[in-house]
$ cat model.cif   # mmCIF, C-alpha atoms; chains and numbers go by the auth columns
data_my_file
#
loop_
_atom_site.group_PDB
_atom_site.id
_atom_site.type_symbol
_atom_site.label_atom_id
_atom_site.label_comp_id
_atom_site.label_asym_id
_atom_site.label_seq_id
_atom_site.Cartn_x
_atom_site.Cartn_y
_atom_site.Cartn_z
_atom_site.B_iso_or_equiv
_atom_site.auth_seq_id
_atom_site.auth_asym_id
ATOM 1 C CA MET A 1 17.470 -64.407 66.989 0.00 1 K
ATOM 2 C CA SER A 2 21.242 -64.502 67.271 0.00 2 K
ATOM 3 C CA PHE A 3 24.200 -64.416 64.907 0.00 3 K
ATOM 4 C CA VAL A 4 24.437 -67.053 62.177 0.00 4 K
ATOM 5 C CA ASN A 5 26.989 -67.635 59.442 0.00 5 K
ATOM 6 C CA GLU A 6 25.586 -67.333 55.944 0.00 6 K
ATOM 7 C CA TYR A 7 26.303 -66.286 52.404 0.00 7 K
ATOM 8 C CA VAL A 8 25.418 -62.713 51.478 0.00 8 K
ATOM 9 C CA SER A 9 22.756 -62.127 48.835 0.00 9 K
ATOM 10 C CA ASP A 10 23.897 -60.229 45.763 0.00 10 K
ATOM 11 C CA GLU A 11 21.499 -57.433 46.738 0.00 11 K
ATOM 12 C CA ASP A 12 23.023 -57.053 50.213 0.00 12 K
ATOM 13 C CA ALA A 13 26.568 -57.259 48.824 0.00 13 K
ATOM 14 C CA GLN A 14 25.759 -54.322 46.553 0.00 14 K
ATOM 15 C CA LYS A 15 23.778 -52.436 49.197 0.00 15 K
ATOM 16 C CA TYR A 16 26.690 -52.510 51.651 0.00 16 K
ATOM 17 C CA ASP A 17 29.393 -52.267 48.934 0.00 17 K
ATOM 18 C CA LEU A 18 31.200 -55.374 50.227 0.00 18 K
ATOM 19 C CA ASP A 19 33.482 -55.668 47.178 0.00 19 K
ATOM 20 C CA ASN A 20 35.003 -52.248 47.823 0.00 20 K
ATOM 21 C CA LEU A 21 35.040 -52.803 51.564 0.00 21 K
ATOM 22 C CA TRP A 22 37.136 -55.959 51.097 0.00 22 K
ATOM 23 C CA ASN A 23 39.357 -54.343 48.446 0.00 23 K
ATOM 24 C CA LYS A 24 40.069 -51.387 50.757 0.00 24 K
ATOM 25 C CA TYR A 25 41.979 -53.649 53.151 0.00 25 K
ATOM 26 C CA ASN A 26 43.431 -55.981 50.523 0.00 26 K
ATOM 27 C CA TYR A 27 44.833 -53.376 48.162 0.00 27 K
ATOM 28 C CA THR A 28 47.947 -55.439 47.359 0.00 28 K
ATOM 29 C CA ALA A 29 45.942 -58.539 46.344 0.00 29 K
ATOM 30 C CA MET A 30 46.580 -59.623 42.781 0.00 30 K
ATOM 31 C CA ILE A 31 42.915 -60.536 42.319 0.00 31 K
ATOM 32 C CA LYS A 32 40.300 -58.065 43.529 0.00 32 K
ATOM 33 C CA MET A 33 36.651 -58.485 44.400 0.00 33 K
ATOM 34 C CA PRO A 34 34.351 -59.375 42.718 0.00 34 K
ATOM 35 C CA GLU A 35 36.650 -61.510 40.510 0.00 35 K
ATOM 36 C CA LEU A 36 38.102 -63.219 43.601 0.00 36 K
ATOM 37 C CA LEU A 37 34.693 -64.708 44.416 0.00 37 K
ATOM 38 C CA ASP A 38 35.099 -66.966 41.364 0.00 38 K
ATOM 39 C CA HIS A 39 37.872 -68.778 43.268 0.00 39 K
ATOM 40 C CA PHE A 40 35.547 -69.846 46.101 0.00 40 K
ATOM 41 C CA ASP A 41 33.281 -72.912 45.998 0.00 41 K
ATOM 42 C CA VAL A 42 30.315 -70.599 46.539 0.00 42 K
ATOM 43 C CA HIS A 43 30.719 -67.411 44.502 0.00 43 K
ATOM 44 C CA GLN A 44 29.265 -65.067 47.122 0.00 44 K
ATOM 45 C CA HIS A 45 30.523 -63.027 50.059 0.00 45 K
ATOM 46 C CA ASP A 46 29.923 -64.476 53.507 0.00 46 K
ATOM 47 C CA TRP A 47 29.165 -62.843 56.822 0.00 47 K
ATOM 48 C CA CYS A 48 27.933 -63.494 60.309 0.00 48 K
ATOM 49 C CA VAL A 49 24.552 -61.829 60.625 0.00 49 K
ATOM 50 C CA ASP A 50 21.884 -61.162 63.229 0.00 50 K
ATOM 51 C CA LYS A 51 18.877 -60.311 61.064 0.00 51 K
ATOM 52 C CA GLU A 52 16.600 -59.480 63.972 0.00 52 K
ATOM 53 C CA ARG A 53 18.860 -56.691 65.198 0.00 53 K
ATOM 54 C CA ASP A 54 20.148 -55.854 61.686 0.00 54 K
ATOM 55 C CA TYR A 55 23.793 -56.388 62.703 0.00 55 K
ATOM 56 C CA TRP A 56 26.458 -58.091 60.639 0.00 56 K
ATOM 57 C CA LEU A 57 30.144 -58.957 60.887 0.00 57 K
ATOM 58 C CA PHE A 58 32.279 -59.047 57.738 0.00 58 K
ATOM 59 C CA ASN A 59 35.821 -60.402 57.653 0.00 59 K
ATOM 60 C CA CYS A 60 38.044 -58.278 55.403 0.00 60 K
ATOM 61 C CA GLY A 61 41.060 -60.560 55.859 0.00 61 K
ATOM 62 C CA PHE A 62 44.590 -59.924 57.071 0.00 62 K
ATOM 63 C CA LEU A 63 46.331 -56.592 56.649 0.00 63 K
ATOM 64 C CA THR A 64 49.448 -56.480 54.542 0.00 64 K
ATOM 65 C CA SER A 65 52.744 -55.327 55.975 0.00 65 K
ATOM 66 C CA GLU A 66 54.508 -53.055 53.501 0.00 66 K
ATOM 67 C CA ASN A 67 57.947 -53.858 54.903 0.00 67 K
ATOM 68 C CA GLY A 68 58.062 -57.648 54.940 0.00 68 K
ATOM 69 C CA ARG A 69 61.257 -59.576 55.646 0.00 69 K
ATOM 70 C CA SER A 70 61.396 -60.576 51.988 0.00 70 K
ATOM 71 C CA GLY A 71 61.381 -56.957 50.872 0.00 71 K
ATOM 72 C CA TYR A 72 57.889 -57.440 49.456 0.00 72 K
ATOM 73 C CA PRO A 73 54.502 -56.858 51.079 0.00 73 K
ATOM 74 C CA GLU A 74 53.538 -59.770 53.347 0.00 74 K
ATOM 75 C CA SER A 75 50.464 -60.682 55.368 0.00 75 K
ATOM 76 C CA SER A 76 50.584 -59.593 58.979 0.00 76 K
ATOM 77 C CA ASN A 77 48.878 -61.137 62.004 0.00 77 K
ATOM 78 C CA LYS A 78 46.368 -58.274 62.034 0.00 78 K
ATOM 79 C CA GLU A 79 42.905 -59.156 60.780 0.00 79 K
ATOM 80 C CA VAL A 80 40.174 -56.634 59.899 0.00 80 K
ATOM 81 C CA PHE A 81 36.527 -57.140 60.774 0.00 81 K
ATOM 82 C CA ILE A 82 33.699 -54.725 60.058 0.00 82 K
ATOM 83 C CA LEU A 83 30.803 -54.798 62.502 0.00 83 K
ATOM 84 C CA HIS A 84 27.713 -53.083 61.104 0.00 84 K
ATOM 85 C CA ILE A 85 25.339 -51.731 63.754 0.00 85 K
ATOM 86 C CA ASN A 86 22.568 -49.144 63.386 0.00 86 K
ATOM 87 C CA ASP A 87 23.628 -48.283 59.811 0.00 87 K
ATOM 88 C CA GLN A 88 27.205 -47.604 60.947 0.00 88 K
ATOM 89 C CA ASN A 89 30.360 -49.585 60.179 0.00 89 K
ATOM 90 C CA ILE A 90 32.782 -50.101 63.048 0.00 90 K
ATOM 91 C CA GLU A 91 36.271 -51.165 61.980 0.00 91 K
ATOM 92 C CA PHE A 92 38.039 -53.600 64.290 0.00 92 K
ATOM 93 C CA ILE A 93 41.654 -54.554 63.794 0.00 93 K
ATOM 94 C CA LEU A 94 42.463 -57.665 65.808 0.00 94 K
ATOM 95 C CA ALA A 95 45.844 -59.315 66.306 0.00 95 K
ATOM 96 C CA HIS A 96 45.558 -63.038 65.577 0.00 96 K
ATOM 97 C CA HIS A 97 47.798 -65.357 67.639 0.00 97 K
ATOM 98 C CA GLY A 98 48.030 -69.128 67.188 0.00 98 K
ATOM 99 C CA MET A 99 47.945 -71.102 70.418 0.00 99 K
ATOM 100 C CA GLU A 100 48.639 -74.673 71.466 0.00 100 K
ATOM 101 C CA ALA A 101 46.241 -77.145 69.889 0.00 101 K
ATOM 102 C CA THR A 102 44.457 -79.865 71.841 0.00 102 K
ATOM 103 C CA ASP A 103 42.882 -83.145 70.774 0.00 103 K
ATOM 104 C CA LEU A 104 39.442 -81.606 71.170 0.00 104 K
ATOM 105 C CA TYR A 105 40.351 -78.328 69.448 0.00 105 K
ATOM 106 C CA PRO A 106 43.150 -78.701 66.888 0.00 106 K
ATOM 107 C CA ILE A 107 42.606 -75.076 65.850 0.00 107 K
ATOM 108 C CA HIS A 108 43.238 -72.784 68.826 0.00 108 K
ATOM 109 C CA PHE A 109 43.941 -69.073 68.545 0.00 109 K
ATOM 110 C CA SER A 110 43.301 -65.793 70.280 0.00 110 K
ATOM 111 C CA TYR A 111 42.428 -62.283 69.249 0.00 111 K
ATOM 112 C CA ASN A 112 43.654 -59.091 70.881 0.00 112 K
ATOM 113 C CA LEU A 113 42.119 -55.732 70.092 0.00 113 K
ATOM 114 C CA VAL A 114 44.519 -53.448 68.218 0.00 114 K
ATOM 115 C CA SER A 115 42.083 -50.698 67.250 0.00 115 K
ATOM 116 C CA MET A 116 38.410 -49.855 67.014 0.00 116 K
ATOM 117 C CA THR A 117 37.014 -47.003 64.916 0.00 117 K
ATOM 118 C CA PRO A 118 34.737 -45.417 66.003 0.00 118 K
ATOM 119 C CA SER A 119 35.092 -46.475 69.627 0.00 119 K
ATOM 120 C CA CYS A 120 31.427 -45.862 70.466 0.00 120 K
ATOM 121 C CA LEU A 121 28.107 -44.897 68.919 0.00 121 K
ATOM 122 C CA PRO A 122 25.500 -42.482 70.307 0.00 122 K
ATOM 123 C CA GLU A 123 23.392 -45.365 71.629 0.00 123 K
ATOM 124 C CA LYS A 124 26.174 -47.958 72.170 0.00 124 K
ATOM 125 C CA THR A 125 29.142 -47.753 74.508 0.00 125 K
ATOM 126 C CA ARG A 126 32.518 -49.231 73.750 0.00 126 K
ATOM 127 C CA GLU A 127 31.700 -52.120 76.085 0.00 127 K
ATOM 128 C CA ASN A 128 28.382 -52.748 74.279 0.00 128 K
ATOM 129 C CA LEU A 129 30.148 -52.869 70.918 0.00 129 K
ATOM 130 C CA LEU A 130 32.840 -55.234 72.199 0.00 130 K
ATOM 131 C CA THR A 131 30.171 -57.539 73.633 0.00 131 K
ATOM 132 C CA ILE A 132 28.392 -57.659 70.262 0.00 132 K
ATOM 133 C CA LEU A 133 31.725 -58.290 68.501 0.00 133 K
ATOM 134 C CA LYS A 134 32.443 -61.199 70.862 0.00 134 K
ATOM 135 C CA GLU A 135 28.991 -62.672 70.187 0.00 135 K
ATOM 136 C CA ALA A 136 29.606 -62.560 66.445 0.00 136 K
ATOM 137 C CA LEU A 137 33.196 -63.865 66.590 0.00 137 K
ATOM 138 C CA ASN A 138 32.134 -66.828 68.723 0.00 138 K
ATOM 139 C CA VAL A 139 29.778 -67.817 65.900 0.00 139 K
ATOM 140 C CA PHE A 140 32.104 -66.857 63.009 0.00 140 K
ATOM 141 C CA LYS A 141 35.006 -68.841 64.558 0.00 141 K
ATOM 142 C CA CYS A 142 37.824 -69.097 61.993 0.00 142 K
ATOM 143 C CA ALA A 143 36.024 -69.387 58.668 0.00 143 K
ATOM 144 C CA GLY A 144 32.361 -68.483 58.909 0.00 144 K
ATOM 145 C CA ILE A 145 30.113 -70.530 56.659 0.00 145 K
ATOM 146 C CA ARG A 146 32.941 -71.345 54.225 0.00 146 K
ATOM 147 C CA ASP A 147 34.325 -74.117 56.439 0.00 147 K
ATOM 148 C CA LEU A 148 31.942 -75.361 59.107 0.00 148 K
ATOM 149 C CA GLU A 149 34.086 -78.454 59.689 0.00 149 K
ATOM 150 C CA GLU A 150 37.098 -76.319 60.627 0.00 150 K
ATOM 151 C CA ASN A 151 34.893 -74.135 62.809 0.00 151 K
ATOM 152 C CA ALA A 152 33.768 -77.208 64.761 0.00 152 K
ATOM 153 C CA LYS A 153 37.444 -77.916 65.570 0.00 153 K
ATOM 154 C CA SER A 154 38.147 -74.311 66.567 0.00 154 K
ATOM 155 C CA PHE A 155 38.495 -72.682 69.949 0.00 155 K
ATOM 156 C CA ILE A 156 39.059 -68.941 70.042 0.00 156 K
ATOM 157 C CA GLU A 157 39.963 -66.786 73.011 0.00 157 K
ATOM 158 C CA LEU A 158 38.964 -63.147 72.941 0.00 158 K
ATOM 159 C CA ASP A 159 41.434 -61.177 75.030 0.00 159 K
ATOM 160 C CA PHE A 160 39.643 -57.840 75.143 0.00 160 K
#
$ encode --input "model.cif" --output "structure tokens"
Amino acid sequence: MSFVNEYVSDEDAQKYDLDNLWNKYNYTAMIKMPELLDHFDVHQHDWCVDKERDYWLFNCGFLTSENGRSGYPESSNKEVFILHINDQNIEFILAHHGMEATDLYPIHFSYNLVSMTPSCLPEKTRENLLTILKEALNVFKCAGIRDLEENAKSFIELDF
């Protein structure tokens, strides 16, 4: 089996504490999880999961810059993803850059690796982890299961 985009069961959301994981990186948000889920068409978390290998990728959203140009916190171009492998969470911070759109792919962007913590696991090298991250991101695209139509129009470049 390979990665697929799907909604997270309530049991898995609790098991992996996804509300607090999301809130950790979105501490300036006016609405926190789980209340924020009420604003989505489907009131569940979403992830990109490989059930056979028991891996999942969870998008925690964009980091907030404390010193925005407006004087208030503003979203940055840095997006946080959690890759769960062998009962361990690996935090990836990726810089998101918009690129020139084409007729075939009106949504075109790239990711650059900013940081990775931890950078390896006892049974997985850094290169192994980055390969798994690329697999998952190529399925997740820009919106996971929440917007499959936008995903179909998306082309992402992974510059790491």
$ atom_distance --input "model.cif" --atom1 "atom CA of Gly144 of chain K" --atom2 "atom CA of Glu123 of chain K"
27.9 Å
$ closest_residue --input "model.cif" --among "K:Ile156, K:Val139, K:Leu18, K:Met33" --to "Val4 of chain K" --atoms "all atoms listed in the file"
K:Val139
$ atom_distance --input "model.cif" --atom1 "atom CA of Cys60 of chain K" --atom2 "atom CA of Ser110 of chain K"
17.5 Å
$ resolve_selection --input "model.cif" --expression "the PyMOL selection byres ((chain K and resi 16) around 12)" --output "number ranges by chain"
K: 8-15, 17-22, 45, 47, 56-58, 82-84, 87-89
$ write_last_selection --input "model.cif" --atoms "C-alpha atoms" --output "PDB file, in the coordinates of the input"
ATOM      1  CA  VAL K   8      25.418 -62.713  51.478  1.00  0.00           C
ATOM      2  CA  SER K   9      22.756 -62.127  48.835  1.00  0.00           C
ATOM      3  CA  ASP K  10      23.897 -60.229  45.763  1.00  0.00           C
ATOM      4  CA  GLU K  11      21.499 -57.433  46.738  1.00  0.00           C
ATOM      5  CA  ASP K  12      23.023 -57.053  50.213  1.00  0.00           C
ATOM      6  CA  ALA K  13      26.568 -57.259  48.824  1.00  0.00           C
ATOM      7  CA  GLN K  14      25.759 -54.322  46.553  1.00  0.00           C
ATOM      8  CA  LYS K  15      23.778 -52.436  49.197  1.00  0.00           C
ATOM      9  CA  ASP K  17      29.393 -52.267  48.934  1.00  0.00           C
ATOM     10  CA  LEU K  18      31.200 -55.374  50.227  1.00  0.00           C
ATOM     11  CA  ASP K  19      33.482 -55.668  47.178  1.00  0.00           C
ATOM     12  CA  ASN K  20      35.003 -52.248  47.823  1.00  0.00           C
ATOM     13  CA  LEU K  21      35.040 -52.803  51.564  1.00  0.00           C
ATOM     14  CA  TRP K  22      37.136 -55.959  51.097  1.00  0.00           C
ATOM     15  CA  HIS K  45      30.523 -63.027  50.059  1.00  0.00           C
ATOM     16  CA  TRP K  47      29.165 -62.843  56.822  1.00  0.00           C
ATOM     17  CA  TRP K  56      26.458 -58.091  60.639  1.00  0.00           C
ATOM     18  CA  LEU K  57      30.144 -58.957  60.887  1.00  0.00           C
ATOM     19  CA  PHE K  58      32.279 -59.047  57.738  1.00  0.00           C
ATOM     20  CA  ILE K  82      33.699 -54.725  60.058  1.00  0.00           C
ATOM     21  CA  LEU K  83      30.803 -54.798  62.502  1.00  0.00           C
ATOM     22  CA  HIS K  84      27.713 -53.083  61.104  1.00  0.00           C
ATOM     23  CA  ASP K  87      23.628 -48.283  59.811  1.00  0.00           C
ATOM     24  CA  GLN K  88      27.205 -47.604  60.947  1.00  0.00           C
ATOM     25  CA  ASN K  89      30.360 -49.585  60.179  1.00  0.00           C
TER      26      ASN K  89
END
$ closest_residue --input "model.cif" --among "K:Glu6, K:Glu91, K:Asp147, K:Glu52" --to "Leu133 of chain K" --atoms "all atoms listed in the file"
K:Glu91
$ closest_residue --input "model.cif" --among "K:Asn59, K:Asn77, K:Asn86, K:Asn151" --to "Tyr25 of chain K" --atoms "only C-alpha atoms"
K:Asn59
$ atom_distance --input "model.cif" --atom1 "atom CA of Leu36 of chain K" --atom2 "atom CA of Asn23 of chain K"
10.2 Å
$ resolve_selection --input "model.cif" --expression "the PyMOL selection byres ((chain K and resi 117-119) around 9)" --output "ChimeraX atom specification"
/K:89-93,115-116,120-121,125-126,129
$ resolve_selection --input "model.cif" --expression "the PyMOL selection byres ((chain K and resi 97-103) around 12)" --output "NGL selection string"
:K and (76-79 or 94-96 or 104-113 or 142 or 153-159)
$ closest_residue --input "model.cif" --among "K:Leu37, K:Ala143, K:Cys48, K:Leu63" --to "Tyr7 of chain K" --atoms "all atoms listed in the file"
K:Cys48
